[in-house]
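Source file: upload.csv; contents: CSV, N, CA and C atoms.
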```
chain,number,residue,atom,x,y,z
A,1,MET,N,97.4,26.0,177.6
A,1,MET,CA,96.7,25.0,178.4
A,1,MET,C,95.3,25.6,178.7
A,2,LEU,N,94.2,24.8,178.3
A,2,LEU,CA,92.9,25.3,178.5
A,2,LEU,C,92.4,24.9,180.0
A,3,PRO,N,91.5,25.8,180.5
A,3,PRO,CA,90.9,25.5,181.8
A,3,PRO,C,90.1,24.2,181.7
A,4,GLU,N,89.8,23.6,182.9
A,4,GLU,CA,89.0,22.4,182.9
A,4,GLU,C,87.6,22.7,182.3
A,5,PRO,N,86.9,21.7,181.7
A,5,PRO,CA,85.6,21.9,181.1
A,5,PRO,C,84.6,22.6,182.0
A,6,GLY,N,84.5,22.2,183.2
A,6,GLY,CA,83.6,22.8,184.1
A,6,GLY,C,83.9,24.3,184.3
A,7,ARG,N,85.1,24.6,184.4
A,7,ARG,CA,85.5,26.0,184.6
A,7,ARG,C,85.3,26.8,183.4
A,8,ARG,N,85.5,26.2,182.2
A,8,ARG,CA,85.2,26.9,181.0
A,8,ARG,C,83.7,27.3,180.9
A,9,VAL,N,82.9,26.4,181.3
A,9,VAL,CA,81.4,26.6,181.2
A,9,VAL,C,81.1,27.7,182.2
A,10,ALA,N,81.6,27.7,183.4
A,10,ALA,CA,81.3,28.8,184.4
A,10,ALA,C,81.8,30.1,183.9
A,11,VAL,N,83.0,30.2,183.3
A,11,VAL,CA,83.5,31.5,182.7
A,11,VAL,C,82.6,31.9,181.6
A,12,ALA,N,82.2,31.0,180.7
A,12,ALA,CA,81.3,31.3,179.5
A,12,ALA,C,80.0,31.9,180.0
A,13,GLU,N,79.4,31.2,181.1
A,13,GLU,CA,78.2,31.7,181.6
A,13,GLU,C,78.3,33.1,182.2
A,14,ARG,N,79.4,33.4,182.8
A,14,ARG,CA,79.6,34.7,183.4
A,14,ARG,C,79.7,35.8,182.4
A,15,VAL,N,80.5,35.4,181.3
A,15,VAL,CA,80.7,36.4,180.2
A,15,VAL,C,79.3,36.6,179.5
A,16,GLN,N,78.5,35.6,179.3
A,16,GLN,CA,77.2,35.7,178.7
A,16,GLN,C,76.3,36.6,179.6
A,17,LYS,N,76.3,36.4,180.9
A,17,LYS,CA,75.5,37.2,181.8
A,17,LYS,C,75.8,38.6,181.7
A,18,CYS,N,77.1,39.0,181.6
A,18,CYS,CA,77.5,40.4,181.5
A,18,CYS,C,77.1,40.9,180.2
A,19,ALA,N,77.2,40.1,179.1
A,19,ALA,CA,76.7,40.6,177.8
A,19,ALA,C,75.2,40.8,177.7
A,20,ASP,N,74.5,39.9,178.4
A,20,ASP,CA,73.0,40.0,178.4
A,20,ASP,C,72.5,41.1,179.3
A,21,HIS,N,73.3,41.5,180.2
A,21,HIS,CA,72.8,42.5,181.2
A,21,HIS,C,72.6,43.9,180.6
A,22,VAL,N,71.4,44.2,180.4
A,22,VAL,CA,71.1,45.6,179.9
A,22,VAL,C,70.6,46.3,181.1
A,23,PRO,N,71.2,47.4,181.6
A,23,PRO,CA,70.7,48.1,182.7
A,23,PRO,C,69.3,48.6,182.5
A,24,VAL,N,68.5,48.4,183.6
A,24,VAL,CA,67.1,48.9,183.5
A,24,VAL,C,67.0,50.1,184.5
A,25,VAL,N,66.5,51.2,183.9
A,25,VAL,CA,66.3,52.5,184.6
A,25,VAL,C,64.8,52.8,184.6
A,26,LEU,N,64.4,53.2,185.8
A,26,LEU,CA,63.0,53.6,186.0
A,26,LEU,C,63.1,55.1,186.2
A,27,LEU,N,62.4,55.9,185.3
A,27,LEU,CA,62.3,57.3,185.4
A,27,LEU,C,61.0,57.7,186.0
A,28,VAL,N,61.0,58.5,187.1
A,28,VAL,CA,59.8,58.9,187.7
A,28,VAL,C,59.7,60.4,187.9
A,29,THR,N,58.9,61.0,187.0
A,29,THR,CA,58.7,62.5,187.0
A,29,THR,C,57.4,62.8,186.4
A,30,SER,N,56.8,63.8,186.9
A,30,SER,CA,55.5,64.3,186.2
A,30,SER,C,55.8,65.2,185.0
A,31,ASP,N,57.1,65.6,184.9
A,31,ASP,CA,57.5,66.4,183.7
A,31,ASP,C,57.6,65.6,182.5
A,32,ARG,N,56.6,65.6,181.7
A,32,ARG,CA,56.5,64.8,180.5
A,32,ARG,C,57.7,65.0,179.5
A,33,GLU,N,58.0,66.3,179.3
A,33,GLU,CA,59.1,66.6,178.4
A,33,GLU,C,60.5,65.9,178.9
A,34,LEU,N,60.7,66.0,180.2
A,34,LEU,CA,61.9,65.4,180.8
A,34,LEU,C,61.9,63.9,180.7
A,35,ARG,N,60.7,63.3,181.0
A,35,ARG,CA,60.5,61.9,180.9
A,35,ARG,C,60.8,61.4,179.5
A,36,GLU,N,60.3,62.0,178.5
A,36,GLU,CA,60.4,61.6,177.2
A,36,GLU,C,61.8,61.8,176.6
A,37,SER,N,62.4,63.0,176.9
A,37,SER,CA,63.7,63.2,176.3
A,37,SER,C,64.8,62.4,177.1
A,38,ALA,N,64.7,62.2,178.4
A,38,ALA,CA,65.6,61.4,179.1
A,38,ALA,C,65.5,59.9,178.7
A,39,ALA,N,64.3,59.4,178.4
A,39,ALA,CA,64.1,58.1,178.0
A,39,ALA,C,64.7,57.8,176.6
A,40,ILE,N,64.6,58.8,175.7
A,40,ILE,CA,65.2,58.7,174.4
A,40,ILE,C,66.7,58.6,174.5
A,41,ALA,N,67.3,59.6,175.3
A,41,ALA,CA,68.7,59.6,175.5
A,41,ALA,C,69.3,58.3,176.1
A,42,LEU,N,68.6,57.8,177.1
A,42,LEU,CA,69.1,56.6,177.8
A,42,LEU,C,68.9,55.4,176.8
A,43,ARG,N,67.9,55.3,176.1
A,43,ARG,CA,67.7,54.2,175.2
A,43,ARG,C,68.8,54.2,174.1
A,44,MET,N,69.1,55.4,173.6
A,44,MET,CA,70.2,55.5,172.6
A,44,MET,C,71.5,55.1,173.1
A,45,ARG,N,71.7,55.1,174.4
A,45,ARG,CA,72.9,54.6,175.1
A,45,ARG,C,72.9,53.2,175.5
A,46,GLY,N,71.8,52.5,175.2
A,46,GLY,CA,71.7,51.1,175.5
A,46,GLY,C,71.0,50.7,176.7
A,47,TYR,N,70.3,51.6,177.4
A,47,TYR,CA,69.6,51.3,178.6
A,47,TYR,C,68.2,50.9,178.3
A,48,ARG,N,67.6,50.0,179.1
A,48,ARG,CA,66.2,49.7,179.0
A,48,ARG,C,65.5,50.7,179.9
A,49,VAL,N,64.5,51.4,179.5
A,49,VAL,CA,63.9,52.5,180.3
A,49,VAL,C,62.4,52.2,180.5
A,50,LEU,N,62.0,52.3,181.8
A,50,LEU,CA,60.6,52.3,182.2
A,50,LEU,C,60.3,53.7,182.7
A,51,ALA,N,59.2,54.3,182.3
A,51,ALA,CA,58.9,55.6,182.6
A,51,ALA,C,57.6,55.7,183.4
A,52,ALA,N,57.5,56.5,184.4
A,52,ALA,CA,56.3,56.6,185.3
A,52,ALA,C,56.1,58.1,185.6
A,53,GLN,N,54.8,58.4,185.5
A,53,GLN,CA,54.4,59.8,185.7
A,53,GLN,C,54.3,60.1,187.2
A,54,HIS,N,54.0,59.1,188.0
A,54,HIS,CA,53.8,59.3,189.4
A,54,HIS,C,54.1,58.1,190.2
A,55,ALA,N,54.0,58.1,191.5
A,55,ALA,CA,54.4,57.0,192.4
A,55,ALA,C,53.7,55.7,192.1
A,56,GLY,N,52.4,55.8,191.9
A,56,GLY,CA,51.6,54.6,191.6
A,56,GLY,C,52.1,53.9,190.4
A,57,HIS,N,52.4,54.6,189.3
A,57,HIS,CA,52.9,54.0,188.1
A,57,HIS,C,54.3,53.4,188.3
A,58,ALA,N,55.1,54.1,189.2
A,58,ALA,CA,56.4,53.5,189.5
A,58,ALA,C,56.3,52.2,190.2
A,59,VAL,N,55.4,52.1,191.2
A,59,VAL,CA,55.2,50.8,191.9
A,59,VAL,C,54.8,49.7,190.9
A,60,LEU,N,53.8,50.1,190.1
A,60,LEU,CA,53.4,49.1,189.1
A,60,LEU,C,54.5,48.6,188.2
A,61,ALA,N,55.4,49.6,187.8
A,61,ALA,CA,56.5,49.2,186.9
A,61,ALA,C,57.4,48.2,187.6
A,62,CYS,N,57.7,48.5,188.9
A,62,CYS,CA,58.5,47.5,189.7
A,62,CYS,C,57.9,46.2,189.8
A,63,ILE,N,56.6,46.1,189.9
A,63,ILE,CA,55.9,44.9,190.1
A,63,ILE,C,56.0,44.1,188.8
A,64,ASP,N,55.8,44.8,187.6
A,64,ASP,CA,55.8,44.1,186.3
A,64,ASP,C,57.1,43.8,185.8
A,65,ALA,N,58.1,44.5,186.1
A,65,ALA,CA,59.5,44.3,185.6
A,65,ALA,C,60.2,43.2,186.3
A,66,PRO,N,60.9,42.3,185.6
A,66,PRO,CA,61.7,41.3,186.3
A,66,PRO,C,62.8,41.9,187.1
A,67,ARG,N,63.3,43.1,186.7
A,67,ARG,CA,64.4,43.7,187.4
A,67,ARG,C,64.4,45.2,187.1
A,68,VAL,N,64.8,46.0,188.1
A,68,VAL,CA,65.0,47.4,187.9
A,68,VAL,C,66.3,47.7,188.7
A,69,ASP,N,67.3,48.3,188.0
A,69,ASP,CA,68.6,48.5,188.6
A,69,ASP,C,68.7,49.8,189.3
A,70,VAL,N,68.2,50.9,188.7
A,70,VAL,CA,68.3,52.2,189.3
A,70,VAL,C,67.0,53.0,188.9
A,71,ALA,N,66.6,53.8,189.9
A,71,ALA,CA,65.5,54.7,189.6
A,71,ALA,C,65.9,56.1,189.7
A,72,ALA,N,65.6,56.9,188.7
A,72,ALA,CA,65.8,58.4,188.7
A,72,ALA,C,64.5,59.0,189.0
A,73,ILE,N,64.4,59.5,190.3
A,73,ILE,CA,63.1,59.9,190.8
A,73,ILE,C,63.1,61.4,191.1
A,74,GLU,N,62.0,62.1,190.8
A,74,GLU,CA,61.9,63.5,191.2
A,74,GLU,C,62.0,63.6,192.7
A,75,LEU,N,62.8,64.5,193.2
A,75,LEU,CA,63.1,64.6,194.6
A,75,LEU,C,61.8,64.9,195.4
A,76,SER,N,61.0,65.8,194.8
A,76,SER,CA,59.8,66.3,195.5
A,76,SER,C,58.6,66.2,194.5
A,77,MET,N,57.7,65.3,194.8
A,77,MET,CA,56.5,65.1,194.0
A,77,MET,C,55.2,65.5,194.8
A,78,GLU,N,54.1,65.6,194.1
A,78,GLU,CA,52.9,66.0,194.8
A,78,GLU,C,52.4,65.0,195.8
A,79,ASP,N,52.6,63.7,195.5
A,79,ASP,CA,52.0,62.7,196.4
A,79,ASP,C,53.0,62.1,197.4
A,80,VAL,N,54.3,62.2,197.1
A,80,VAL,CA,55.3,61.6,198.0
A,80,VAL,C,56.7,62.2,197.7
A,81,SER,N,57.6,62.0,198.6
A,81,SER,CA,58.9,62.5,198.4
A,81,SER,C,59.7,61.4,197.6
A,82,GLY,N,60.7,61.8,196.9
A,82,GLY,CA,61.5,60.9,196.2
A,82,GLY,C,62.1,59.8,197.1
A,83,PRO,N,62.8,60.1,198.2
A,83,PRO,CA,63.3,59.1,199.1
A,83,PRO,C,62.3,58.1,199.6
A,84,ALA,N,61.1,58.7,199.9
A,84,ALA,CA,60.0,57.8,200.4
A,84,ALA,C,59.6,56.8,199.4
A,85,LEU,N,59.5,57.3,198.1
A,85,LEU,CA,59.1,56.4,197.0
A,85,LEU,C,60.2,55.4,196.8
A,86,ALA,N,61.4,55.8,196.8
A,86,ALA,CA,62.6,54.8,196.6
A,86,ALA,C,62.5,53.7,197.7
A,87,GLU,N,62.2,54.1,198.9
A,87,GLU,CA,62.1,53.0,200.0
A,87,GLU,C,61.0,52.1,199.7
A,88,ARG,N,59.9,52.6,199.2
A,88,ARG,CA,58.7,51.8,198.9
A,88,ARG,C,59.0,50.9,197.7
A,89,LEU,N,59.7,51.4,196.7
A,89,LEU,CA,60.1,50.6,195.5
A,89,LEU,C,61.1,49.5,195.9
A,90,ARG,N,62.0,49.7,196.9
A,90,ARG,CA,62.9,48.7,197.3
A,90,ARG,C,62.3,47.5,197.9
A,91,ARG,N,61.1,47.6,198.4
A,91,ARG,CA,60.3,46.5,199.0
A,91,ARG,C,60.0,45.5,197.8
A,92,ARG,N,59.8,46.0,196.6
A,92,ARG,CA,59.5,45.2,195.5
A,92,ARG,C,60.7,44.9,194.6
A,93,CYS,N,61.7,45.8,194.7
A,93,CYS,CA,62.9,45.6,193.8
A,93,CYS,C,64.1,45.8,194.8
A,94,PRO,N,64.4,44.7,195.5
A,94,PRO,CA,65.6,44.8,196.4
A,94,PRO,C,66.9,45.1,195.7
A,95,GLY,N,67.7,45.9,196.3
A,95,GLY,CA,69.0,46.3,195.6
A,95,GLY,C,68.8,47.5,194.7
A,96,LEU,N,67.6,48.0,194.6
A,96,LEU,CA,67.4,49.2,193.7
A,96,LEU,C,68.2,50.4,194.2
A,97,ARG,N,69.0,51.0,193.2
A,97,ARG,CA,69.7,52.2,193.5
A,97,ARG,C,68.9,53.4,193.1
A,98,SER,N,69.1,54.5,193.7
A,98,SER,CA,68.3,55.7,193.3
A,98,SER,C,69.2,56.9,193.1
A,99,LEU,N,68.6,57.8,192.2
A,99,LEU,CA,69.2,59.1,191.8
A,99,LEU,C,68.0,60.0,191.9
A,100,TYR,N,68.2,61.2,192.5
A,100,TYR,CA,67.1,62.1,192.7
A,100,TYR,C,67.2,63.3,191.7
A,101,LEU,N,66.2,63.7,191.1
A,101,LEU,CA,66.2,64.8,190.2
A,101,LEU,C,65.5,66.0,190.9
A,102,ALA,N,66.3,67.1,191.0
A,102,ALA,CA,65.8,68.2,191.8
A,102,ALA,C,65.7,69.5,191.0
A,103,LYS,N,64.9,70.4,191.5
A,103,LYS,CA,64.7,71.7,190.9
A,103,LYS,C,65.9,72.6,191.1
A,104,ALA,N,66.0,73.6,190.2
A,104,ALA,CA,67.1,74.6,190.3
A,104,ALA,C,67.0,75.2,191.7
A,105,GLY,N,68.2,75.5,192.3
A,105,GLY,CA,68.2,76.1,193.6
A,105,GLY,C,68.4,75.1,194.7
A,106,THR,N,68.2,73.8,194.4
A,106,THR,CA,68.4,72.8,195.4
A,106,THR,C,69.9,72.6,195.6
A,107,PRO,N,70.4,72.5,196.8
A,107,PRO,CA,71.8,72.3,197.0
A,107,PRO,C,72.3,71.0,196.4
A,108,GLU,N,73.5,71.1,195.8
A,108,GLU,CA,74.1,69.9,195.2
A,108,GLU,C,74.6,69.0,196.3
A,109,CYS,N,74.3,67.7,196.1
A,109,CYS,CA,74.9,66.7,197.0
A,109,CYS,C,74.9,65.3,196.2
A,110,GLU,N,75.6,64.4,196.8
A,110,GLU,CA,75.7,63.0,196.2
A,110,GLU,C,74.3,62.4,196.0
A,111,GLY,N,74.1,61.9,194.8
A,111,GLY,CA,72.8,61.2,194.6
A,111,GLY,C,71.7,62.1,194.1
A,112,VAL,N,72.0,63.4,193.9
A,112,VAL,CA,71.0,64.4,193.5
A,112,VAL,C,71.6,65.1,192.3
A,113,LEU,N,70.7,65.2,191.2
A,113,LEU,CA,71.1,65.9,190.0
A,113,LEU,C,70.1,67.1,189.9
A,114,VAL,N,70.8,68.3,189.9
A,114,VAL,CA,70.0,69.5,190.0
A,114,VAL,C,69.8,70.1,188.6
A,115,ARG,N,68.6,70.6,188.3
A,115,ARG,CA,68.3,71.2,187.0
A,115,ARG,C,69.0,72.6,187.0
A,116,PRO,N,69.4,73.0,185.8
A,116,PRO,CA,69.3,72.3,184.5
A,116,PRO,C,70.5,71.4,184.4
A,117,PHE,N,70.2,70.2,183.8
A,117,PHE,CA,71.3,69.3,183.5
A,117,PHE,C,71.2,68.8,182.1
A,118,SER,N,72.3,68.3,181.6
A,118,SER,CA,72.3,67.8,180.2
A,118,SER,C,72.0,66.3,180.2
A,119,ARG,N,71.8,65.7,179.0
A,119,ARG,CA,71.6,64.3,178.9
A,119,ARG,C,72.9,63.5,179.4
A,120,ASP,N,74.1,64.1,179.1
A,120,ASP,CA,75.3,63.5,179.5
A,120,ASP,C,75.4,63.5,181.0
A,121,ASP,N,75.0,64.6,181.7
A,121,ASP,CA,75.0,64.7,183.1
A,121,ASP,C,74.1,63.5,183.7
A,122,LEU,N,73.0,63.3,183.1
A,122,LEU,CA,72.1,62.3,183.6
A,122,LEU,C,72.7,60.9,183.4
A,123,VAL,N,73.2,60.6,182.3
A,123,VAL,CA,73.8,59.3,182.0
A,123,VAL,C,75.0,59.1,182.9
A,124,GLU,N,75.8,60.1,183.1
A,124,GLU,CA,77.0,60.0,184.0
A,124,GLU,C,76.6,59.6,185.5
A,125,LYS,N,75.6,60.3,186.0
A,125,LYS,CA,75.1,60.1,187.3
A,125,LYS,C,74.5,58.7,187.4
A,126,LEU,N,73.8,58.2,186.4
A,126,LEU,CA,73.2,56.9,186.4
A,126,LEU,C,74.3,55.8,186.4
A,127,ILE,N,75.3,56.0,185.6
A,127,ILE,CA,76.4,55.1,185.6
A,127,ILE,C,77.0,54.9,186.9
A,128,VAL,N,77.2,56.0,187.6
A,128,VAL,CA,77.8,55.9,189.0
A,128,VAL,C,76.8,55.2,189.9
A,129,SER,N,75.5,55.3,189.7
A,129,SER,CA,74.5,54.7,190.6
A,129,SER,C,74.3,53.2,190.3
A,130,LEU,N,74.6,52.8,189.1
A,130,LEU,CA,74.4,51.4,188.7
A,130,LEU,C,75.3,50.4,189.5
A,131,PRO,N,74.7,49.3,190.0
A,131,PRO,CA,75.5,48.3,190.6
A,131,PRO,C,76.4,47.6,189.6
A,132,ALA,N,77.5,47.0,190.1
A,132,ALA,CA,78.4,46.3,189.2
A,132,ALA,C,77.7,45.0,188.8
A,133,VAL,N,78.0,44.6,187.6
A,133,VAL,CA,77.4,43.3,187.1
A,133,VAL,C,78.4,42.2,187.5
A,134,THR,N,77.8,41.2,188.2
A,134,THR,CA,78.6,40.1,188.7
A,134,THR,C,78.1,38.8,188.2
```

Mind converting the file's structure to structure tokens?
Amino acid sequence: MLPEPGRRVAVAERVQKCADHVPVVLLVTSDRELRESAAIALRMRGYRVLAAQHAGHAVLACIDAPRVDVAAIELSMEDVSGPALAERLRRRCPGLRSLYLAKAGTPECEGVLVRPFSRDDLVEKLIVSLPAVT
């Protein structure tokens, strides 16, 4: 027995929404090598990646993008702290999740990825940070 036509349409729309949803990651770090290698690794795994060298570029990326799901932000930058930038970005991208990238020697804690880390470590932390698709 098939569901009612209206219900079939609703289910089909929901399935399409999940299929169309490509997670959008904003990488914010002044480390060019990290920015480029992380962007390549994430794109290879199906993520859409926006990269920013500093806080100003990150804000512009959030303004220009229709959606940003998660930001991987340097914990400590020259012009602003990672958490302060994340709060600023959430004004433009409500629901934005954040992951902080920290220098070696920083204590491990939830939501912080400490160097050195592998591409797989980064992807795993981002997956945990991503909101569920509904």

Could you give me, as an MDAnalysis selection string, the residues that have an atom at most 6.5 Å away from the point (56.7, 55.7, 195.5) in the coordinates of the file, using only N, CA and C atoms?
-> chainID A and resid 54:56 58:59 84:86 88:89

Which polymer residues have any atom within 8 Å of an atom of Leu130 (chain A), counting only N, CA and C atoms, with same-chain residues fewer than 5 positions away left out, as a list in words?
-> Pro23, Asp69, Val70, Arg97, Ser98, Glu124 and Lys125 of chain A

Strand (DSSP E or B) positions in chain A, given as a ChimeraX atom specification = /A:24-28,48-52,70-74,76,81,97-102,112-114

Let's have the selection written as a short mmCIF file (atom, residue, chain, number, x, y, z; two decimals), keeping the file's coordinate frame, with N, CA and C atoms.
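Output (again-v5.cif):
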```cif
data_model
loop_
_atom_site.label_atom_id
_atom_site.label_comp_id
_atom_site.auth_asym_id
_atom_site.auth_seq_id
_atom_site.Cartn_x
_atom_site.Cartn_y
_atom_site.Cartn_z
N VAL A 24 68.50 48.40 183.60
CA VAL A 24 67.10 48.90 183.50
C VAL A 24 67.00 50.10 184.50
N VAL A 25 66.50 51.20 183.90
CA VAL A 25 66.30 52.50 184.60
C VAL A 25 64.80 52.80 184.60
N LEU A 26 64.40 53.20 185.80
CA LEU A 26 63.00 53.60 186.00
C LEU A 26 63.10 55.10 186.20
N LEU A 27 62.40 55.90 185.30
CA LEU A 27 62.30 57.30 185.40
C LEU A 27 61.00 57.70 186.00
N VAL A 28 61.00 58.50 187.10
CA VAL A 28 59.80 58.90 187.70
C VAL A 28 59.70 60.40 187.90
N ARG A 48 67.60 50.00 179.10
CA ARG A 48 66.20 49.70 179.00
C ARG A 48 65.50 50.70 179.90
N VAL A 49 64.50 51.40 179.50
CA VAL A 49 63.90 52.50 180.30
C VAL A 49 62.40 52.20 180.50
N LEU A 50 62.00 52.30 181.80
CA LEU A 50 60.60 52.30 182.20
C LEU A 50 60.30 53.70 182.70
N ALA A 51 59.20 54.30 182.30
CA ALA A 51 58.90 55.60 182.60
C ALA A 51 57.60 55.70 183.40
N ALA A 52 57.50 56.50 184.40
CA ALA A 52 56.30 56.60 185.30
C ALA A 52 56.10 58.10 185.60
N VAL A 70 68.20 50.90 188.70
CA VAL A 70 68.30 52.20 189.30
C VAL A 70 67.00 53.00 188.90
N ALA A 71 66.60 53.80 189.90
CA ALA A 71 65.50 54.70 189.60
C ALA A 71 65.90 56.10 189.70
N ALA A 72 65.60 56.90 188.70
CA ALA A 72 65.80 58.40 188.70
C ALA A 72 64.50 59.00 189.00
N ILE A 73 64.40 59.50 190.30
CA ILE A 73 63.10 59.90 190.80
C ILE A 73 63.10 61.40 191.10
N GLU A 74 62.00 62.10 190.80
CA GLU A 74 61.90 63.50 191.20
C GLU A 74 62.00 63.60 192.70
N SER A 76 61.00 65.80 194.80
CA SER A 76 59.80 66.30 195.50
C SER A 76 58.60 66.20 194.50
N SER A 81 57.60 62.00 198.60
CA SER A 81 58.90 62.50 198.40
C SER A 81 59.70 61.40 197.60
N ARG A 97 69.00 51.00 193.20
CA ARG A 97 69.70 52.20 193.50
C ARG A 97 68.90 53.40 193.10
N SER A 98 69.10 54.50 193.70
CA SER A 98 68.30 55.70 193.30
C SER A 98 69.20 56.90 193.10
N LEU A 99 68.60 57.80 192.20
CA LEU A 99 69.20 59.10 191.80
C LEU A 99 68.00 60.00 191.90
N TYR A 100 68.20 61.20 192.50
CA TYR A 100 67.10 62.10 192.70
C TYR A 100 67.20 63.30 191.70
N LEU A 101 66.20 63.70 191.10
CA LEU A 101 66.20 64.80 190.20
C LEU A 101 65.50 66.00 190.90
N ALA A 102 66.30 67.10 191.00
CA ALA A 102 65.80 68.20 191.80
C ALA A 102 65.70 69.50 191.00
N VAL A 112 72.00 63.40 193.90
CA VAL A 112 71.00 64.40 193.50
C VAL A 112 71.60 65.10 192.30
N LEU A 113 70.70 65.20 191.20
CA LEU A 113 71.10 65.90 190.00
C LEU A 113 70.10 67.10 189.90
N VAL A 114 70.80 68.30 189.90
CA VAL A 114 70.00 69.50 190.00
C VAL A 114 69.80 70.10 188.60
#
```

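When the distance limit is 12 Å and only C-alpha atoms are what count, the residues near Cys109 (chain A), minus those fewer than 4 positions from it on the same chain, are Leu99, Tyr100, Leu101, Ala102, Leu113, Val114 and Lys125 of chain A.
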
Counting only N, CA and C atoms, the residue of A:Gly111, A:Val68, A:Asp31, A:Leu126 that sits nearest Arg92 (chain A) =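 For Arg92 (chain A), the nearest of the candidates is A:Val68.
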
Determine which residues of chain A DSSP labels as helix (DSSP H, G or I) from the backbone of this structure, then write them out as a PyMOL selection string.
-> chain A and resi 5-20+32-44+55-64+82-92+119-129

Point-to-point distance from atom N of Pro116 (chain A) to atom C of Ala104 (chain A), Å rounded to tenths = 6.7 Å

Find, counting only N, CA and C atoms, the residue in A:Glu108, A:Ala72, A:Ala41, A:Arg119 that gets nearest to Val28 (chain A).
->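 Closest to Val28 (chain A) of all the choices is A:Ala72.
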
Could you state the separation of CA of Arg48 (chain A) and atom N of Val22 (chain A) in Å, given to one decimal place?
->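 Computing the Euclidean distance for CA of Arg48 (chain A) and atom N of Val22 (chain A) yields 7.7 Å.
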
Quick one: pull the distance between atom N of Ile73 (chain A) and CA of Thr29 (chain A), Å, one decimal.
-> 7.2 Å

Which one is closest to Glu74 (chain A): A:Leu50, A:Val24, A:Val112, A:Cys93? Count only C-alpha atoms.
->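 Nearest candidate to Glu74 (chain A) out of A:Leu50, A:Val24, A:Val112, A:Cys93: A:Val112.
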
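Closest approach to Ala52 (chain A) from the set A:Leu34, A:Leu26, A:Ala65, A:Ala39 is made by A:Leu26, with distances taken over all atoms listed in the file.
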